[in-house]
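> Sharing a structure here in structure tokens format.
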Amino acid sequence: MIRAVSLVLLTLLSLGGPAEAQKKPAATPTPTPAETPAPKAPCDLVIVAGAVVTMDPAFRVLSESALVVKDGYLLDIGAVDYVDAHWTPAERIERKSSVVMPGLVNTHTHAAMSLLRGVADDKPLMEWLEKSIFPAEAKNVSPEFVKAGTTLACLEMIRGGTTTFADMYYYESDVAAAVEACGLRAVLGETWLDFPAPGHANLEESRKVTRAFLETWKGHRRITAAVAPHAPYTCSKETLLASKALADEFGAPLLIHVSETRDEQRQVKEKTGTTPVRWLDSIGFLGPRVVAAHGVWLDDGDLAILASKKVSLSHNPESNMKLGSGTAPVVAARKAGVTVGLGTDGVAGSNNDLDMWEAMDFAGKLAKVTALDPTVLPARDLLRMATIEGARALGLEKLTGSLETGKAADLIAVDLNAPRTRPIYDVASALVYSVKEGDVSLTVVDGKVLWDGRTWRTVDAKAALQAATDWREKILKSLREAAAK
């Protein structure tokens, strides 16, 4: 049997020098034989890691350490002997051959569309939407559909180390119920359009449905209800401002697609005489709670507006590549001061998986080949975009995105024993360019173990996969019937 190698040396190599775990002073002086040791404090979970990538502002990487979790929060990080001397956990998990790091943050998905995975590939965005996706959704999307599709997506994300995601779809209260049961953290946006959509006959119904959704989930520990006007080319000024007014009333995020394709640029310019960003700014839509997905066709003026209005950007490299949309100016956006997170988009043809490790890898390589410069978007920046910057984009940076005491215990362990990850000279490089989602050996959200390296603890995987198969038959039948008319 191959013996797991300690990550202490690997950590030293990654930093180019010593990297010691935090040394916590003893709570009381060392007892003499005549004294009674101070009692240990109870906690819910202790995780022993070969190394800890904190993603804090200093990008500290700690050698072999233990993390203490209680009531959903990260209470302490310290050397293993210190933690063992001070804490008594209800559960102890050893991951000495793994790096523990914050869970990944996916800033743009359409989770329920996992049931449409591969139903229409290799088509331009508008053709894909208008001829395949919108008709399929019209015949099939229901509360039952979104629960099954979201559960399948959560199954995939939990296994791959995503702990927080942003979503845009319909029946989001039912999406939220599925997410709540699965245990992930999410920002969920009810989608608005200028034409009838599932659960939304008109603008008035969109207001009513979304208000009820915002009221129902307000104050939830893990679920943030949001408003999601689809895009400037599918939403009128009236619709956009109505969605903003409702979001402002509740202090909710606004999720929207912006400047995804050249065709969108053309449509918006014909209608307004300017770019989508400039038009949104002119009507007073933009602000710090807006998360703009894609942003492929942004010029310097657009980026300056986004930065000044503190709008965040969700970069979806694989989706933009697969749909032939173009390459987002991510390096320029970050230089302009725009917060940029990473996303996968939905899996119904714009991307066929929810793998954030691939998103990091592709984002880096796409930026480098576009700039003809291998130094842009180095591994550490990509890790930041997939964790703390993604959390900041969603307004959750005080709660998640880094491993710091007092923040939510949203973390993953990544096993580095696979041949493709050895030898390790730099931990960040290994995580971004070598790791695959199958290397995730632990997923914890809000202090609760969702994936223990062998099984999903909160999702009935067999039932979720069977539901996906059952829905496939229904969807195929509806598409055949539609084609026959």
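Identifiers for the structure tokens are assigned positionally: chains receive A, B, ... in sequence, residues are indexed from 1 per chain, and ligands are indexed from 1 in the order shown.
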Give me, as a PyMOL selection string, all polymer residues having an atom no more than 6 Å from stretch 177-194 of chain A, counting only C-alpha atoms and skipping those fewer than 4 positions away in the same chain.
chain A and resi 147+151+163-170+172+222-230+234-235+458-459
> Could you give me, as CSV, a per-residue list for stretch 58-121 of chain A showing, wherever an atom lies at most 6 Å from an atom of stretch 412-424 of chain A, the closest pair of atoms and their distance in Å to one decimal, using only C-alpha atoms and sorting by chain then residue number from low to high?

```
residue,atom,partner,partner_atom,distance
A:Ser97,CA,A:Asp415,CA,5.9
A:Ser98,CA,A:Asp415,CA,4.1
A:Val99,CA,A:Val414,CA,5.2
A:Val100,CA,A:Ala413,CA,4.3
A:Met101,CA,A:Ile412,CA,5.6
A:Gly103,CA,A:Ile412,CA,5.2
```
> Stretch 216-422 of chain A: which residues are strand (DSSP E) by DSSP, as an NGL selection string?
:A and (223-229 or 254-258 or 290-294 or 312-315 or 340-342 or 411-415)
> Grab the residues selected above and save them as a PDB file, in the first residue's frame with N, CA and C atoms.

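What ended up in selection-v4.pdb:
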```pdb
ATOM      1  N   ILE A 223     -29.426  30.501   2.771  1.00  0.00           N
ATOM      2  CA  ILE A 223     -30.065  30.863   1.511  1.00  0.00           C
ATOM      3  C   ILE A 223     -30.368  32.357   1.474  1.00  0.00           C
ATOM      4  N   THR A 224     -29.863  33.005   0.436  1.00  0.00           N
ATOM      5  CA  THR A 224     -30.128  34.423   0.204  1.00  0.00           C
ATOM      6  C   THR A 224     -31.044  34.540  -1.003  1.00  0.00           C
ATOM      7  N   ALA A 225     -32.230  35.060  -0.799  1.00  0.00           N
ATOM      8  CA  ALA A 225     -33.175  35.238  -1.900  1.00  0.00           C
ATOM      9  C   ALA A 225     -32.809  36.483  -2.692  1.00  0.00           C
ATOM     10  N   ALA A 226     -32.870  36.377  -4.022  1.00  0.00           N
ATOM     11  CA  ALA A 226     -32.457  37.470  -4.901  1.00  0.00           C
ATOM     12  C   ALA A 226     -33.477  37.660  -6.013  1.00  0.00           C
ATOM     13  N   VAL A 227     -33.310  38.759  -6.750  1.00  0.00           N
ATOM     14  CA  VAL A 227     -34.145  39.067  -7.906  1.00  0.00           C
ATOM     15  C   VAL A 227     -33.263  38.973  -9.144  1.00  0.00           C
ATOM     16  N   ALA A 228     -33.779  38.365 -10.228  1.00  0.00           N
ATOM     17  CA  ALA A 228     -32.920  38.085 -11.378  1.00  0.00           C
ATOM     18  C   ALA A 228     -33.590  38.458 -12.704  1.00  0.00           C
ATOM     19  N   PRO A 229     -33.608  39.746 -13.043  1.00  0.00           N
ATOM     20  CA  PRO A 229     -34.039  40.114 -14.394  1.00  0.00           C
ATOM     21  C   PRO A 229     -33.075  39.500 -15.397  1.00  0.00           C
ATOM     22  N   LEU A 254     -29.167  41.547  -7.041  1.00  0.00           N
ATOM     23  CA  LEU A 254     -29.745  41.574  -8.382  1.00  0.00           C
ATOM     24  C   LEU A 254     -28.819  40.798  -9.301  1.00  0.00           C
ATOM     25  N   LEU A 255     -29.297  39.706  -9.865  1.00  0.00           N
ATOM     26  CA  LEU A 255     -28.501  38.875 -10.756  1.00  0.00           C
ATOM     27  C   LEU A 255     -28.988  39.084 -12.189  1.00  0.00           C
ATOM     28  N   ILE A 256     -28.073  39.302 -13.129  1.00  0.00           N
ATOM     29  CA  ILE A 256     -28.466  39.614 -14.502  1.00  0.00           C
ATOM     30  C   ILE A 256     -27.364  39.202 -15.474  1.00  0.00           C
ATOM     31  N   HIS A 257     -27.751  38.771 -16.681  1.00  0.00           N
ATOM     32  CA  HIS A 257     -26.787  38.546 -17.757  1.00  0.00           C
ATOM     33  C   HIS A 257     -26.503  39.889 -18.429  1.00  0.00           C
ATOM     34  N   VAL A 258     -25.232  40.174 -18.690  1.00  0.00           N
ATOM     35  CA  VAL A 258     -24.868  41.449 -19.319  1.00  0.00           C
ATOM     36  C   VAL A 258     -23.750  41.240 -20.338  1.00  0.00           C
ATOM     37  N   VAL A 290     -25.527  44.385  -7.567  1.00  0.00           N
ATOM     38  CA  VAL A 290     -25.707  43.798  -8.894  1.00  0.00           C
ATOM     39  C   VAL A 290     -24.543  42.858  -9.217  1.00  0.00           C
ATOM     40  N   VAL A 291     -24.891  41.649  -9.657  1.00  0.00           N
ATOM     41  CA  VAL A 291     -23.893  40.687 -10.140  1.00  0.00           C
ATOM     42  C   VAL A 291     -24.179  40.461 -11.618  1.00  0.00           C
ATOM     43  N   ALA A 292     -23.258  40.899 -12.464  1.00  0.00           N
ATOM     44  CA  ALA A 292     -23.428  40.796 -13.915  1.00  0.00           C
ATOM     45  C   ALA A 292     -22.705  39.560 -14.427  1.00  0.00           C
ATOM     46  N   ALA A 293     -23.441  38.660 -15.024  1.00  0.00           N
ATOM     47  CA  ALA A 293     -22.847  37.425 -15.541  1.00  0.00           C
ATOM     48  C   ALA A 293     -22.321  37.629 -16.956  1.00  0.00           C
ATOM     49  N   HIS A 294     -21.165  37.069 -17.218  1.00  0.00           N
ATOM     50  CA  HIS A 294     -20.490  36.985 -18.513  1.00  0.00           C
ATOM     51  C   HIS A 294     -19.622  38.215 -18.789  1.00  0.00           C
ATOM     52  N   SER A 312     -20.355  43.721  -9.437  1.00  0.00           N
ATOM     53  CA  SER A 312     -19.465  42.559  -9.542  1.00  0.00           C
ATOM     54  C   SER A 312     -19.709  41.817 -10.843  1.00  0.00           C
ATOM     55  N   LEU A 313     -18.697  41.084 -11.264  1.00  0.00           N
ATOM     56  CA  LEU A 313     -18.754  40.358 -12.529  1.00  0.00           C
ATOM     57  C   LEU A 313     -18.565  38.863 -12.279  1.00  0.00           C
ATOM     58  N   SER A 314     -19.383  38.058 -12.925  1.00  0.00           N
ATOM     59  CA  SER A 314     -19.217  36.600 -12.885  1.00  0.00           C
ATOM     60  C   SER A 314     -18.645  36.145 -14.219  1.00  0.00           C
ATOM     61  N   HIS A 315     -17.426  35.642 -14.188  1.00  0.00           N
ATOM     62  CA  HIS A 315     -16.729  35.185 -15.397  1.00  0.00           C
ATOM     63  C   HIS A 315     -17.005  33.696 -15.596  1.00  0.00           C
ATOM     64  N   VAL A 340     -14.285  40.203  -9.485  1.00  0.00           N
ATOM     65  CA  VAL A 340     -14.611  39.164 -10.466  1.00  0.00           C
ATOM     66  C   VAL A 340     -14.606  37.798  -9.794  1.00  0.00           C
ATOM     67  N   GLY A 341     -15.740  37.100  -9.864  1.00  0.00           N
ATOM     68  CA  GLY A 341     -15.820  35.714  -9.419  1.00  0.00           C
ATOM     69  C   GLY A 341     -15.910  34.803 -10.616  1.00  0.00           C
ATOM     70  N   LEU A 342     -15.864  33.513 -10.357  1.00  0.00           N
ATOM     71  CA  LEU A 342     -15.953  32.528 -11.429  1.00  0.00           C
ATOM     72  C   LEU A 342     -17.301  31.813 -11.390  1.00  0.00           C
ATOM     73  N   LEU A 411     -15.957  24.576   4.048  1.00  0.00           N
ATOM     74  CA  LEU A 411     -14.601  24.171   3.688  1.00  0.00           C
ATOM     75  C   LEU A 411     -14.597  22.833   2.977  1.00  0.00           C
ATOM     76  N   ILE A 412     -13.484  22.583   2.309  1.00  0.00           N
ATOM     77  CA  ILE A 412     -13.303  21.310   1.618  1.00  0.00           C
ATOM     78  C   ILE A 412     -11.898  20.792   1.887  1.00  0.00           C
ATOM     79  N   ALA A 413     -11.728  19.485   1.722  1.00  0.00           N
ATOM     80  CA  ALA A 413     -10.403  18.869   1.751  1.00  0.00           C
ATOM     81  C   ALA A 413     -10.121  18.300   0.368  1.00  0.00           C
ATOM     82  N   VAL A 414      -8.909  18.550  -0.109  1.00  0.00           N
ATOM     83  CA  VAL A 414      -8.513  18.109  -1.445  1.00  0.00           C
ATOM     84  C   VAL A 414      -7.319  17.174  -1.307  1.00  0.00           C
ATOM     85  N   ASP A 415      -7.511  15.934  -1.675  1.00  0.00           N
ATOM     86  CA  ASP A 415      -6.458  14.932  -1.547  1.00  0.00           C
ATOM     87  C   ASP A 415      -5.408  15.141  -2.633  1.00  0.00           C
TER      88      ASP A 415
END
```
> Nearest residue to A:Glu144 out of A:Asp174, A:Ala111, A:Ile283, A:Ile158, using only C-alpha atoms?
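Under the stated criterion, the closest residue is A:Asp174.
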> Produce a table with one row for each residue of stretch 82-144 of chain A that has an atom at most 12 Å from any atom of stretch 355-360 of chain A, each row naming the nearest atom pair and its distance in Å at one decimal; use only C-alpha atoms; arrange rows by chain and rising residue number; format as a Markdown table.

```
| residue | atom | partner | partner_atom | distance |
| --- | --- | --- | --- | --- |
| A:Gly103 | CA | A:Met356 | CA | 10.3 |
| A:Leu104 | CA | A:Met356 | CA | 7.0 |
| A:Val105 | CA | A:Met356 | CA | 8.0 |
| A:Asn106 | CA | A:Met356 | CA | 6.9 |
| A:Thr107 | CA | A:Met356 | CA | 10.1 |
| A:His108 | CA | A:Met356 | CA | 10.9 |
| A:Thr109 | CA | A:Asp355 | CA | 11.1 |
```
> Restricted to N, CA and C atoms, what would the selected residues look like written as a short mmCIF file (atom, residue, chain, number, x, y, z; two decimals), in the first residue's frame?

```
data_model
loop_
_atom_site.label_atom_id
_atom_site.label_comp_id
_atom_site.auth_asym_id
_atom_site.auth_seq_id
_atom_site.Cartn_x
_atom_site.Cartn_y
_atom_site.Cartn_z
N GLY A 103 -14.45 26.31 0.69
CA GLY A 103 -15.22 25.73 -0.39
C GLY A 103 -15.27 26.69 -1.57
N LEU A 104 -15.46 26.14 -2.76
CA LEU A 104 -15.50 26.94 -3.97
C LEU A 104 -16.84 27.67 -4.09
N VAL A 105 -16.80 28.84 -4.71
CA VAL A 105 -17.99 29.67 -4.87
C VAL A 105 -18.29 29.83 -6.35
N ASN A 106 -19.41 29.29 -6.80
CA ASN A 106 -19.84 29.34 -8.20
C ASN A 106 -20.82 30.51 -8.34
N THR A 107 -20.39 31.57 -9.02
CA THR A 107 -21.18 32.80 -9.03
C THR A 107 -22.25 32.87 -10.11
N HIS A 108 -22.42 31.81 -10.90
CA HIS A 108 -23.49 31.86 -11.92
C HIS A 108 -23.87 30.45 -12.36
N THR A 109 -25.09 30.06 -12.05
CA THR A 109 -25.62 28.78 -12.51
C THR A 109 -27.10 28.92 -12.85
#
```
> Using DSSP assignments from the backbone, pull out every residue in stretch 168-416 of chain A that falls under helix (DSSP H, G or I) and give it to me as an MDAnalysis selection string.
chainID A and resid 172:182 203:217 237:250 262:272 276:282 300:308 317:322 330:336 356:371 379:386 388:393
> Considering only C-alpha atoms, return as a list in words whatever protein or nucleic-acid residues lie within 9 Å of stretch 270-274 of chain A, sequence-local ones (same chain, fewer than 5 positions apart) excluded.
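Listed by chain and then number, they are Tyr233, Gln265 and Trp279 of chain A.
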> Print the selection's residues with C-alpha atoms to a file, as an mmCIF file, in the first residue's frame.

```cif
data_model
loop_
_atom_site.group_PDB
_atom_site.id
_atom_site.type_symbol
_atom_site.label_atom_id
_atom_site.label_comp_id
_atom_site.auth_asym_id
_atom_site.auth_seq_id
_atom_site.Cartn_x
_atom_site.Cartn_y
_atom_site.Cartn_z
ATOM 1 C CA TYR A 233 -32.279 42.418 -24.314
ATOM 2 C CA GLN A 265 -24.625 44.279 -28.107
ATOM 3 C CA TRP A 279 -27.876 51.875 -20.796
#
```
> Using only C-alpha atoms, which protein or nucleic acid residues come within 9 Å of stretch 480-485 of chain A? Drop anything in the same chain fewer than 3 positions from it, and give the result as a ChimeraX atom specification.
/A:135-136,139,475-477
> For the residues selected in the previous step, produce a file with C-alpha atoms as a PDB file, in the first residue's frame.

```
ATOM      1  CA  PRO A 135     -39.614  25.368 -25.860  1.00  0.00           C
ATOM      2  CA  ALA A 136     -38.307  22.570 -23.626  1.00  0.00           C
ATOM      3  CA  LYS A 139     -43.404  22.079 -21.669  1.00  0.00           C
ATOM      4  CA  ILE A 475     -38.511  15.778 -21.789  1.00  0.00           C
ATOM      5  CA  LEU A 476     -37.821  13.655 -24.867  1.00  0.00           C
ATOM      6  CA  LYS A 477     -41.535  12.912 -25.245  1.00  0.00           C
TER       7      LYS A 477
END
```
> Pick from A:Asn202, A:Thr54, A:Ser478, A:Thr455: nearest to A:Val427, with only C-alpha atoms counted?
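Closest residue, counting only C-alpha atoms: A:Thr54.
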> Which neighbours of A:Leu399 fall inside 10 Å, counting only C-alpha atoms, when residues of the same chain fewer than 2 positions from it are skipped, and could you give them as an MDAnalysis selection string?
chainID A and resid 73 388 391:392 395:397 401:404 406:410 446
> Mind writing the picked residues with C-alpha atoms as a CSV table (one decimal), in the first residue's frame?

```csv
chain,number,residue,atom,x,y,z
A,73,TYR,CA,-18.7,28.4,12.6
A,388,ILE,CA,-13.0,34.9,-1.5
A,391,ALA,CA,-17.9,35.4,-2.0
A,392,ARG,CA,-17.3,39.1,-2.3
A,395,GLY,CA,-21.9,40.0,-0.9
A,396,LEU,CA,-21.0,37.0,1.4
A,397,GLU,CA,-17.3,37.8,2.0
A,401,GLY,CA,-14.8,32.4,1.1
A,402,SER,CA,-11.8,32.2,3.5
A,403,LEU,CA,-10.8,30.1,6.6
A,404,GLU,CA,-10.8,32.6,9.4
A,406,GLY,CA,-15.6,33.6,13.2
A,407,LYS,CA,-16.6,32.8,9.7
A,408,ALA,CA,-18.9,30.0,8.6
A,409,ALA,CA,-17.3,26.6,8.4
A,410,ASP,CA,-17.6,26.2,4.6
A,446,ASP,CA,-22.2,25.6,7.8
```
> Which of these, A:Leu479, A:Leu67, A:Ala307, A:Leu354, has the shortest distance to A:Val119 once you count only C-alpha atoms?
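For A:Val119, the nearest of the given residues is A:Leu479.
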